[in-house]
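Participant: Sharing a structure, written as structure tokens. Questions coming.
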Amino acid sequence: MCIIKKTVYLKTGEPKEQYLTNIAWSPDEQFVFIAVLNRDQNHLWLNQYDATTGDFVKTLFEETDDKYVEPLHPILFIKNNPSQLIWQSMRDGHNHLYLYDVSGKMIKQLTKGDWEVIDVNGFDAKGSVFFTSTTTSPIELNYYSVSISNAKLTRLTSGDGIHNVILDENGEYFIDNLSSTTIPRE
């Protein structure tokens with residue numbers, strides 16, 4: 001890896017009244033991805049920029065809504081497959097995970113239902129994404145994995161309450177801290 005000690009300004013264009021959010025680097029550090037929102041916050045463009053020149057490369061995709069779009073998380077590149085990425089979106093009314101390729105084509109929706117993905121915790125080498133969710137109840141948090149290949153959802157925690165999980169960097173093990181109205185911490 002070569003460290004360049006040069007300031008590069010991204011050419012995000014007009015209008016000046018826009019929001020730049022959810023910034024992410026490509027795995028090879030050649031590109032920067034930014035969610036660009038219009039001033040009304042009802043139109044989003046996920047744009048790719050060249051990291052060495054600041055030039056706009058392309059728009060991967062757009063999201064619109066009558067009221068507003070709510071981008072809260074930057075893209076996550078799939079571990080061991082930098083040609084695919086995860087985008088979190090509330091386009092169906094709930095925060096869910098969507099699989100895209102780097103050209104901007106949506107491959108599939110990975111999670112869906114009347115619940116929210118709260119946090120993505122990581123990946124494993126087998127092709128699964130680990131996340132915390134309100135699947136069983138809006139007042140409970142449980143830990144799940146979803147297969148990137150077939151979108152099969154697997155619950156990994158048991159017991160009612162709030163599961164605060166820490167995943168190891170390889171996605172092989174996790175520590176689960178459970179608390180509820182009857183269990184202070186387990």
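A note on labels: chains of the structure tokens are A, B, ... as shown, every chain counts residues from 1, and ligands are counted from 1 in their shown order.
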Would you kindly return, as an NGL selection string, each protein, DNA or RNA residue with an atom no farther than 9 Å from any atom of Ser145 of chain A, considering only C-alpha atoms and excluding same-chain residues fewer than 6 positions away?
Facilitator: :A and (123 or 128-132 or 152-156)
Participant: I want to know what sits within 8 Å of segment 26-35 of chain A, based on only C-alpha atoms, with residues of the same chain fewer than 4 positions away left out; could you give that as a list in words?
Facilitator: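 Surrounding residues, per the criterion: Leu20, Thr21, Asn22, Leu44, Trp45, Leu46, Asn47, Gln48, Tyr49, Asp50, Ala51, Thr52, Pro71, Pro74, Ile75, Phe77 and Pro82 of chain A.
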Participant: Kindly export the residues of the current selection with C-alpha atoms, as a JSON list (two decimals), in the first residue's frame.
Facilitator:
[["chain", "number", "residue", "atom", "x", "y", "z"],
["A", 20, "LEU", "CA", -22.92, 13.94, 1.35],
["A", 21, "THR", "CA", -23.21, 10.97, 3.69],
["A", 22, "ASN", "CA", -22.40, 7.28, 4.20],
["A", 44, "LEU", "CA", -30.48, 9.66, -3.15],
["A", 45, "TRP", "CA", -27.69, 8.83, -5.58],
["A", 46, "LEU", "CA", -25.01, 6.33, -4.54],
["A", 47, "ASN", "CA", -22.00, 7.74, -6.38],
["A", 48, "GLN", "CA", -18.53, 6.38, -7.03],
["A", 49, "TYR", "CA", -15.50, 8.71, -7.22],
["A", 50, "ASP", "CA", -11.88, 8.11, -8.20],
["A", 51, "ALA", "CA", -9.79, 8.46, -5.01],
["A", 52, "THR", "CA", -6.66, 9.73, -6.79],
["A", 71, "PRO", "CA", -29.51, 6.46, 4.44],
["A", 74, "PRO", "CA", -22.38, 3.13, 4.29],
["A", 75, "ILE", "CA", -22.04, 0.24, 1.86],
["A", 77, "PHE", "CA", -18.20, -4.92, 0.63],
["A", 82, "PRO", "CA", -15.08, -7.23, -3.54]]
Participant: Based on DSSP run over this structure's backbone, return all residues of segment 17-170 of chain A in strand (DSSP E), as a PyMOL selection string.
Facilitator: chain A and resi 18-25+31-38+43-50+56-64+76-78+81-89+96-101+106-109+117-123+128-133+142-147+153-155+162-167
Participant: Excluding Trp87 of chain A and any residue of its chain fewer than 5 positions from it, enumerate the residues within 9 Å of it, using only C-alpha atoms, and give them as a list of chain:residue names.
Facilitator: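 The filter keeps A:His73, A:Pro74, A:Ile75, A:Leu76, A:His96, A:Leu97, A:Tyr98, A:Leu99, A:Tyr100.
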Participant: A:Ala24, A:Ile86, A:Val36, A:Leu10: which is nearest Asp55 of chain A, counting only C-alpha atoms?
Facilitator: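 For Asp55 of chain A, the nearest of the candidates is A:Leu10.
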Participant: Extract, using only C-alpha atoms, all DNA, RNA and protein residues at most 12 Å from Ile183 of chain A, discarding same-chain residues fewer than 6 positions from it, and format them as an MDAnalysis selection string.
Facilitator: chainID A and resid 159:163 177
Participant: Please produce an output containing C-alpha atoms for each residue in the selection, written as a PDB file, in the first residue's frame.
Facilitator:
ATOM      1  CA  GLY A 159     -33.973 -16.518  24.958  1.00  0.00           C
ATOM      2  CA  ASP A 160     -36.210 -13.462  25.188  1.00  0.00           C
ATOM      3  CA  GLY A 161     -34.584 -10.089  25.755  1.00  0.00           C
ATOM      4  CA  ILE A 162     -31.768  -7.972  24.389  1.00  0.00           C
ATOM      5  CA  HIS A 163     -28.775  -9.824  22.937  1.00  0.00           C
ATOM      6  CA  ASN A 177     -24.617 -10.865  26.519  1.00  0.00           C
TER       7      ASN A 177
END
